[in-house]
>>> print(open('run_13.txt').read())   # compact mmCIF, C-alpha atoms
# COMPACT_ATOMS: atom_id res chain seq x y z
CA MET A 29 1.58 -24.43 14.50
CA ARG A 30 0.78 -22.99 11.08
CA GLN A 31 2.95 -20.12 9.93
CA THR A 32 1.03 -16.99 9.09
CA GLN A 33 1.43 -15.39 5.68
CA ASP A 34 3.17 -12.48 7.37
CA GLU A 35 5.74 -14.88 8.82
CA ILE A 36 6.22 -16.69 5.52
CA PHE A 37 6.89 -13.46 3.64
CA ALA A 38 9.13 -12.04 6.37
CA GLY A 39 11.03 -15.33 6.54
CA SER A 40 11.86 -15.99 2.89
CA GLU A 41 9.16 -15.29 0.32
CA ALA A 42 9.58 -11.50 0.33
CA ASP A 43 13.22 -12.06 -0.65
CA GLY A 44 12.04 -14.54 -3.28
CA TRP A 45 9.64 -11.98 -4.74
CA PHE A 46 12.37 -9.35 -4.87
CA VAL A 47 14.84 -11.67 -6.64
CA ARG A 48 12.21 -12.66 -9.21
CA ASN A 49 11.21 -9.05 -9.90
CA ARG A 50 14.54 -7.22 -9.57
CA SER A 51 15.03 -6.84 -13.32
CA ALA A 52 11.52 -5.41 -13.75
CA LEU A 53 12.13 -2.88 -10.97
CA GLU A 54 15.26 -1.69 -12.77
CA LYS A 55 13.02 -0.80 -15.74
CA PHE A 56 10.59 1.18 -13.57
CA ASP A 57 8.86 3.93 -15.56
CA PRO A 58 7.50 6.64 -13.22
CA GLU A 59 5.21 7.99 -15.95
CA LYS A 60 3.31 4.69 -16.06
CA ASP A 61 3.15 4.08 -12.31
CA LEU A 62 -0.49 4.30 -11.18
CA PRO A 63 0.10 5.59 -7.61
CA LEU A 64 2.40 8.32 -8.94
CA ARG A 65 -0.18 9.27 -11.55
CA VAL A 66 -2.84 9.69 -8.87
CA ILE A 67 -0.48 11.77 -6.70
CA SER A 68 0.24 14.00 -9.70
CA LEU A 69 -3.40 14.18 -10.82
CA TYR A 70 -4.52 15.55 -7.45
CA GLY A 71 -1.53 17.82 -7.00
CA LEU A 72 -0.38 16.27 -3.73
CA ALA A 73 2.85 17.70 -2.35
CA PRO A 74 3.43 15.77 0.89
CA LYS A 75 6.35 16.67 3.11
CA THR A 76 6.50 13.21 4.70
CA VAL A 77 5.67 9.92 2.98
CA MET A 78 5.64 6.30 4.14
CA GLU A 79 5.22 3.30 1.86
CA ILE A 80 4.29 -0.11 3.24
CA GLY A 81 5.79 -2.88 1.12
CA SER A 82 8.20 -0.45 -0.50
CA SER A 83 10.57 -3.06 -1.98
CA ASN A 84 13.92 -1.30 -2.54
CA GLY A 85 12.35 2.17 -2.42
CA PHE A 86 12.14 2.80 -6.17
CA ARG A 87 8.79 4.66 -5.93
CA LEU A 88 9.80 6.62 -2.83
CA ALA A 89 12.99 7.78 -4.55
CA GLU A 90 10.89 9.25 -7.36
CA ILE A 91 8.53 10.96 -4.90
CA ARG A 92 11.52 12.51 -3.15
CA ARG A 93 12.91 13.66 -6.48
CA ARG A 94 9.62 15.28 -7.45
CA CYS A 95 8.66 17.10 -4.25
CA GLY A 96 11.62 16.86 -1.88
CA ALA A 97 9.65 14.89 0.69
CA SER A 98 11.19 12.95 3.55
CA VAL A 99 10.44 9.35 2.58
CA THR A 100 10.36 6.11 4.60
CA GLY A 101 9.76 2.56 3.41
CA VAL A 102 8.76 -0.52 5.40
CA GLU A 103 9.61 -3.79 3.66
CA PRO A 104 9.83 -7.43 4.85
CA SER A 105 12.58 -8.36 2.35
CA ALA A 106 16.03 -7.83 3.83
CA ALA A 107 17.50 -8.24 0.33
CA ALA A 108 15.31 -5.43 -1.01
CA VAL A 109 16.19 -3.15 1.91
CA ALA A 110 19.92 -3.78 1.43
CA ASP A 111 19.65 -3.12 -2.31
CA GLY A 112 17.66 0.07 -1.75
CA ARG A 113 20.09 1.44 0.81
CA ARG A 114 22.83 1.14 -1.82
CA ARG A 115 20.78 2.59 -4.69
CA TYR A 116 18.78 5.27 -2.90
CA PRO A 117 20.69 6.61 0.13
CA ASP A 118 18.11 9.39 0.65
CA VAL A 119 15.32 6.84 1.21
CA ASN A 120 14.95 5.61 4.79
CA LEU A 121 14.27 1.86 4.52
CA VAL A 122 13.49 -0.42 7.46
CA CYS A 123 12.66 -4.12 7.65
CA GLY A 124 9.19 -4.83 8.95
CA THR A 125 5.66 -6.00 8.21
CA SER A 126 2.45 -4.01 8.03
CA SER A 127 1.20 -5.28 11.39
CA SER A 128 4.32 -4.32 13.35
CA ILE A 129 5.93 -1.05 12.27
CA LYS A 130 8.62 0.12 14.69
CA ILE A 131 8.31 3.77 13.75
CA ASP A 132 6.79 6.69 15.66
CA GLY A 133 5.34 9.91 14.29
CA VAL A 134 2.83 10.56 11.51
CA PHE A 135 3.04 11.04 7.74
CA ASP A 136 1.23 13.26 5.24
CA LEU A 137 0.85 10.37 2.80
CA LEU A 138 0.84 6.64 3.39
CA ILE A 139 1.03 4.27 0.40
CA ALA A 140 0.12 0.57 0.37
CA ASN A 141 0.28 -0.59 -3.24
CA PHE A 142 -0.51 -4.28 -3.79
CA VAL A 143 0.22 -5.17 -0.17
CA PHE A 144 -3.13 -5.80 1.48
CA HIS A 145 -3.89 -8.96 -0.50
CA TRP A 146 -0.81 -10.68 1.02
CA ILE A 147 -1.58 -9.82 4.65
CA ASP A 148 -2.62 -12.74 6.85
CA ARG A 149 -6.28 -12.45 7.80
CA SER A 150 -5.37 -12.72 11.48
CA SER A 151 -3.41 -9.46 11.28
CA LEU A 152 -5.50 -7.55 8.73
CA LEU A 153 -7.20 -5.22 11.21
CA LEU A 154 -3.97 -4.75 13.14
CA SER A 155 -2.32 -3.66 9.89
CA VAL A 156 -5.14 -1.20 9.23
CA ALA A 157 -4.72 0.17 12.76
CA GLU A 158 -0.97 0.59 12.24
CA MET A 159 -1.51 2.46 8.99
CA ASP A 160 -4.11 4.68 10.61
CA ARG A 161 -1.73 5.38 13.52
CA LEU A 162 0.91 6.58 11.08
CA THR A 163 -1.38 8.80 8.98
CA ALA A 164 -1.66 12.44 10.06
CA ASP A 165 -5.03 14.06 10.61
CA GLY A 166 -5.67 15.71 7.25
CA GLY A 167 -3.26 13.33 5.55
CA TYR A 168 -3.87 10.82 2.78
CA VAL A 169 -3.84 7.05 2.36
CA LEU A 170 -3.31 5.65 -1.14
CA ILE A 171 -4.30 2.00 -1.64
CA GLY A 172 -3.68 0.04 -4.81
CA ASP A 173 -5.00 -3.52 -5.02
CA PHE A 174 -7.38 -5.96 -6.68
CA MET A 175 -11.01 -4.83 -6.88
CA PRO A 176 -13.34 -7.80 -7.51
CA ASP A 177 -17.13 -7.68 -7.26
CA HIS A 178 -17.01 -10.12 -4.34
CA GLN A 179 -14.38 -11.14 -1.79
CA SER A 180 -12.29 -14.02 -3.12
CA LYS A 181 -9.03 -15.81 -2.56
CA VAL A 182 -6.59 -17.46 -4.96
CA ARG A 183 -3.84 -19.87 -3.97
CA TYR A 184 -0.38 -18.34 -4.31
CA HIS A 185 1.22 -20.16 -7.24
CA HIS A 186 4.81 -19.70 -6.05
CA LEU A 187 4.06 -21.71 -2.88
CA PRO A 188 1.50 -24.28 -4.07
CA ASP A 189 2.17 -26.68 -1.17
CA GLN A 190 1.46 -24.09 1.53
CA GLN A 191 -1.71 -22.39 2.71
CA VAL A 192 -0.83 -19.02 1.18
CA PHE A 193 -3.45 -17.03 -0.71
CA THR A 194 -4.02 -13.79 -2.53
CA TYR A 195 -7.04 -12.23 -0.81
CA LYS A 196 -9.01 -9.92 -3.08
CA GLN A 197 -11.49 -7.36 -1.74
CA ASP A 198 -12.17 -3.63 -1.46
CA TYR A 199 -9.65 -2.67 1.23
CA ALA A 200 -10.45 1.03 1.09
CA ALA A 201 -13.91 0.13 2.41
CA ILE A 202 -12.38 -0.85 5.76
CA PHE A 203 -11.03 2.69 6.22
CA LEU A 204 -14.23 4.30 4.95
CA SER A 205 -16.37 2.29 7.38
CA THR A 206 -14.75 4.08 10.34
CA GLY A 207 -16.13 7.46 9.32
CA LEU A 208 -12.62 8.90 9.65
CA TYR A 209 -11.74 8.72 5.95
CA GLN A 210 -13.30 10.22 2.85
CA ARG A 211 -12.84 8.86 -0.67
CA VAL A 212 -11.06 11.39 -2.87
CA CYS A 213 -10.98 9.13 -5.91
CA SER A 214 -10.97 5.50 -6.98
CA LEU A 215 -9.64 4.75 -10.44
CA SER A 216 -9.98 1.24 -11.88
CA GLY A 217 -7.65 -0.60 -14.18
CA ARG A 218 -6.41 -3.93 -15.52
CA ALA A 219 -4.20 -6.13 -13.34
CA VAL A 220 -1.92 -7.53 -16.05
CA THR A 221 -1.09 -4.26 -17.79
CA LYS A 222 -1.33 -2.00 -14.70
CA THR A 223 -3.19 0.57 -16.80
CA PHE A 224 -6.30 2.59 -15.99
CA GLU A 225 -9.23 1.07 -17.90
CA GLY A 226 -12.96 1.28 -17.26
CA ASP A 227 -14.27 -1.96 -18.74
CA VAL A 228 -12.37 -4.80 -17.02
CA GLU A 229 -13.62 -8.24 -15.95
CA PRO A 230 -14.06 -8.39 -12.13
CA GLY A 231 -11.39 -11.06 -11.66
CA LYS A 232 -8.79 -8.95 -13.46
CA ARG A 233 -9.81 -5.55 -12.11
CA ILE A 234 -7.57 -3.41 -9.91
CA ALA A 235 -8.16 -0.01 -8.35
CA VAL A 236 -6.06 2.80 -6.96
CA THR A 237 -7.99 4.62 -4.24
CA LEU A 238 -7.01 7.88 -2.56
CA LEU A 239 -8.50 8.56 0.88
CA ARG A 240 -8.26 11.66 3.06
CA LYS A 241 -8.24 11.33 6.84
CA SER A 242 -10.12 13.73 9.11
CA LEU A 243 -10.79 12.88 12.74
CA ASP A 244 -14.04 14.84 12.93
CA GLY A 245 -14.34 16.77 9.68
CA HIS A 246 -16.61 14.19 8.05
CA TYR A 247 -19.31 14.42 10.71
CA MET A 248 -22.42 16.57 10.33
CA GLU A 249 -23.26 18.40 13.53
CA GLN A 250 -26.92 18.44 14.49
CA ALA A 251 -28.62 20.93 16.76
CA LEU A 252 -29.71 19.82 20.23
CA GLN A 253 -33.38 18.99 20.48
CA SER A 254 -35.27 21.10 23.00
>>> encode(input="run_13.txt", output="structure tokens")
Amino acid sequence: MRQTQDEIFAGSEADGWFVRNRSALEKFDPEKDLPLRVISLYGLAPKTVMEIGSSNGFRLAEIRRRCGASVTGVEPSAAAVADGRRRYPDVNLVCGTSSSIKIDGVFDLLIANFVFHWIDRSSLLLSVAEMDRLTADGGYVLIGDFMPDHQSKVRYHHLPDQQVFTYKQDYAAIFLSTGLYQRVCSLSGRAVTKTFEGDVEPGKRIAVTLLRKSLDGHYMEQALQS
């Protein structure tokens, strides 16, 4: 039976990604981080924050420093979670994948930055449902990912002999299609530099999208017809 991408990342590749990128994470510059810039731009001051694919919690630690929020990260890499628990003791880190989050309650802000494109297609909608379950009514979802003109997939170069792909599409559109989320903003940028830029080729374009959840606030009530 074929392993799903979720299983491959939970089994070993998430640790591999963390080992390859550990030195870059140590040079993290909060002033250049696109999700943090959007949070600051819109003056969000969440009391509770969850990040899916949080690595060692570097971004959550900065959010806690800025606004004193209670922060929780879900990350498939056990190595990243262990590292983060040592570095950032005020960040609650748990091992898990986007489709199976063993946490109850809801959060004012949920972040999924460059996570959706790794999720196995068989668990994509389950992952969306889990994120929706964890987002409070009136809360926000922040999604950062590739933003091509058309859905596409690219073979994952670190595992060329396996059926693992980067799936590129507008993931915010899935939330918007429910009628329960409203787009606050969507800012585009360049994938390589992780900078906001307007004129970027579709294959290299990324976007950071902020959505606000409202269970019935986005509906227009119509009068009964006599």
>>> closest_residue(input="run_13.txt", among="A:Lys60, A:Arg65, A:Lys241, A:Lys75", to="A:Asp160", atoms="all atoms listed in the file")
A:Lys241
>>> residues_around(input="run_13.txt", residues="A:Leu238", least_positions_apart="4", cutoff="8 Å", atoms="only C-alpha atoms", output="number ranges by chain")
A: 66, 168-171, 211-214
>>> atom_distance(input="run_13.txt", atom1="atom CA of A:Phe203", atom2="atom CA of A:Val156")
7.7 Å
>>> residues_around(input="run_13.txt", residues="stretch 144-152 of chain A", least_positions_apart="2", cutoff="6 Å", atoms="all atoms listed in the file", output="VMD selection string")
chain A and resid 33 to 34 154 to 155 194 to 196
>>> atom_distance(input="run_13.txt", atom1="atom CA of A:Asp118", atom2="atom CA of A:Ala89")
7.5 Å
>>> atom_distance(input="run_13.txt", atom1="atom CA of A:Ala106", atom2="atom CA of A:Asp189")
23.9 Å
>>> closest_residue(input="run_13.txt", among="A:Val182, A:Ala108, A:Met78, A:Ala157", to="A:Asn120", atoms="all atoms listed in the file")
A:Met78
>>> residues_around(input="run_13.txt", residues="A:Ile139", least_positions_apart="5", cutoff="12 Å", atoms="all atoms listed in the file", output="ChimeraX atom specification")
/A:62-64,66-67,74,76-82,85,87-88,91,99-102,126,144,159-160,162-163,167-173,200,236-239
>>> residues_around(input="run_13.txt", residues="A:Ala110", least_positions_apart="4", cutoff="12 Å", atoms="only C-alpha atoms", output="short mmCIF file (atom, residue, chain, number, x, y, z; two decimals) with C-alpha atoms, keeping the file's coordinate frame")
data_model
loop_
_atom_site.label_atom_id
_atom_site.label_comp_id
_atom_site.auth_asym_id
_atom_site.auth_seq_id
_atom_site.Cartn_x
_atom_site.Cartn_y
_atom_site.Cartn_z
CA ASP A 43 13.22 -12.06 -0.65
CA PHE A 46 12.37 -9.35 -4.87
CA SER A 83 10.57 -3.06 -1.98
CA ASN A 84 13.92 -1.30 -2.54
CA GLY A 85 12.35 2.17 -2.42
CA GLU A 103 9.61 -3.79 3.66
CA PRO A 104 9.83 -7.43 4.85
CA SER A 105 12.58 -8.36 2.35
CA ALA A 106 16.03 -7.83 3.83
CA ARG A 114 22.83 1.14 -1.82
CA ARG A 115 20.78 2.59 -4.69
CA TYR A 116 18.78 5.27 -2.90
CA PRO A 117 20.69 6.61 0.13
CA VAL A 119 15.32 6.84 1.21
CA ASN A 120 14.95 5.61 4.79
CA LEU A 121 14.27 1.86 4.52
CA VAL A 122 13.49 -0.42 7.46
CA CYS A 123 12.66 -4.12 7.65
#
>>> decode(input="run_13.txt", residues="stretch 120-226 of chain A", atoms="C-alpha atoms", output="compact mmCIF listing (two decimals), in the first residue's frame")
# COMPACT_ATOMS: atom_id res chain seq x y z
CA ASN A 120 3.20 24.65 23.62
CA LEU A 121 4.43 22.25 20.91
CA VAL A 122 2.81 18.93 20.05
CA CYS A 123 3.60 16.32 17.40
CA GLY A 124 0.87 15.87 14.84
CA THR A 125 -0.32 16.39 11.29
CA SER A 126 -2.92 18.78 9.93
CA SER A 127 -5.51 16.04 9.44
CA SER A 128 -5.33 14.70 13.00
CA ILE A 129 -4.89 17.35 15.67
CA LYS A 130 -5.38 15.98 19.19
CA ILE A 131 -6.33 19.32 20.69
CA ASP A 132 -9.70 20.63 21.85
CA GLY A 133 -10.89 24.21 22.10
CA VAL A 134 -10.74 27.10 19.63
CA PHE A 135 -8.19 29.78 18.76
CA ASP A 136 -8.43 33.45 17.80
CA LEU A 137 -5.85 32.99 15.03
CA LEU A 138 -4.81 29.90 13.13
CA ILE A 139 -1.71 30.02 10.90
CA ALA A 140 -0.82 27.57 8.13
CA ASN A 141 2.23 28.98 6.35
CA PHE A 142 3.56 26.83 3.49
CA VAL A 143 1.85 23.71 4.79
CA PHE A 144 -1.09 23.05 2.48
CA HIS A 145 1.05 22.20 -0.55
CA TRP A 146 2.54 19.19 1.31
CA ILE A 147 -0.77 17.71 2.47
CA ASP A 148 -1.80 14.46 0.80
CA ARG A 149 -4.79 15.00 -1.45
CA SER A 150 -6.69 12.24 0.35
CA SER A 151 -6.62 14.24 3.59
CA LEU A 152 -6.86 17.79 2.21
CA LEU A 153 -10.52 18.35 3.11
CA LEU A 154 -10.07 16.64 6.46
CA SER A 155 -7.25 19.07 7.19
CA VAL A 156 -9.46 22.01 6.23
CA ALA A 157 -12.18 20.66 8.54
CA GLU A 158 -9.70 20.33 11.41
CA MET A 159 -8.50 23.89 10.94
CA ASP A 160 -12.07 25.16 10.80
CA ARG A 161 -12.91 23.21 13.98
CA LEU A 162 -10.07 24.95 15.80
CA THR A 163 -10.88 28.50 14.61
CA ALA A 164 -13.20 30.54 16.82
CA ASP A 165 -16.27 32.24 15.39
CA GLY A 166 -14.97 35.74 14.68
CA GLY A 167 -11.41 34.46 14.56
CA TYR A 168 -8.89 34.54 11.74
CA VAL A 169 -7.11 32.05 9.49
CA LEU A 170 -3.83 33.11 7.89
CA ILE A 171 -2.67 31.02 4.92
CA GLY A 172 0.67 31.45 3.19
CA ASP A 173 1.38 29.32 0.12
CA PHE A 174 2.04 29.20 -3.61
CA MET A 175 -0.48 31.09 -5.77
CA PRO A 176 -0.30 29.92 -9.41
CA ASP A 177 -2.83 30.81 -12.10
CA HIS A 178 -3.84 27.15 -12.38
CA GLN A 179 -3.60 24.11 -10.10
CA SER A 180 -0.30 22.33 -10.61
CA LYS A 181 2.00 19.83 -8.98
CA VAL A 182 5.78 19.53 -8.91
CA ARG A 183 7.71 16.43 -7.87
CA TYR A 184 9.46 16.88 -4.51
CA HIS A 185 13.17 17.00 -5.35
CA HIS A 186 14.35 15.66 -1.99
CA LEU A 187 12.48 12.37 -2.59
CA PRO A 188 12.74 11.91 -6.37
CA ASP A 189 12.08 8.15 -6.22
CA GLN A 190 8.77 8.50 -4.36
CA GLN A 191 5.36 9.81 -5.38
CA VAL A 192 5.65 13.01 -3.35
CA PHE A 193 4.59 16.33 -4.85
CA THR A 194 4.24 20.00 -4.07
CA TYR A 195 0.61 20.82 -4.87
CA LYS A 196 0.09 24.45 -5.83
CA GLN A 197 -3.34 26.10 -5.79
CA ASP A 198 -5.40 28.82 -4.10
CA TYR A 199 -6.10 27.16 -0.74
CA ALA A 200 -7.92 30.16 0.70
CA ALA A 201 -10.59 29.56 -1.95
CA ILE A 202 -11.60 26.32 -0.20
CA PHE A 203 -12.47 28.26 2.97
CA LEU A 204 -14.16 31.06 1.04
CA SER A 205 -16.36 28.61 -0.87
CA THR A 206 -18.13 27.62 2.38
CA GLY A 207 -19.57 31.08 2.90
CA LEU A 208 -18.23 31.03 6.46
CA TYR A 209 -15.05 33.01 5.74
CA GLN A 210 -14.44 36.47 4.34
CA ARG A 211 -11.20 37.60 2.71
CA VAL A 212 -9.57 40.38 4.72
CA CYS A 213 -6.54 40.65 2.46
CA SER A 214 -4.39 38.67 0.04
CA LEU A 215 -0.89 39.98 -0.57
CA SER A 216 1.26 38.42 -3.30
CA GLY A 217 4.98 37.94 -3.38
CA ARG A 218 7.95 36.04 -4.78
CA ALA A 219 8.64 32.49 -3.62
CA VAL A 220 12.45 32.60 -3.63
CA THR A 221 12.89 35.88 -1.76
CA LYS A 222 9.74 35.63 0.40
CA THR A 223 9.06 39.31 -0.27
CA PHE A 224 5.82 41.06 -1.19
CA GLU A 225 5.94 41.93 -4.91
CA GLY A 226 3.15 42.62 -7.36
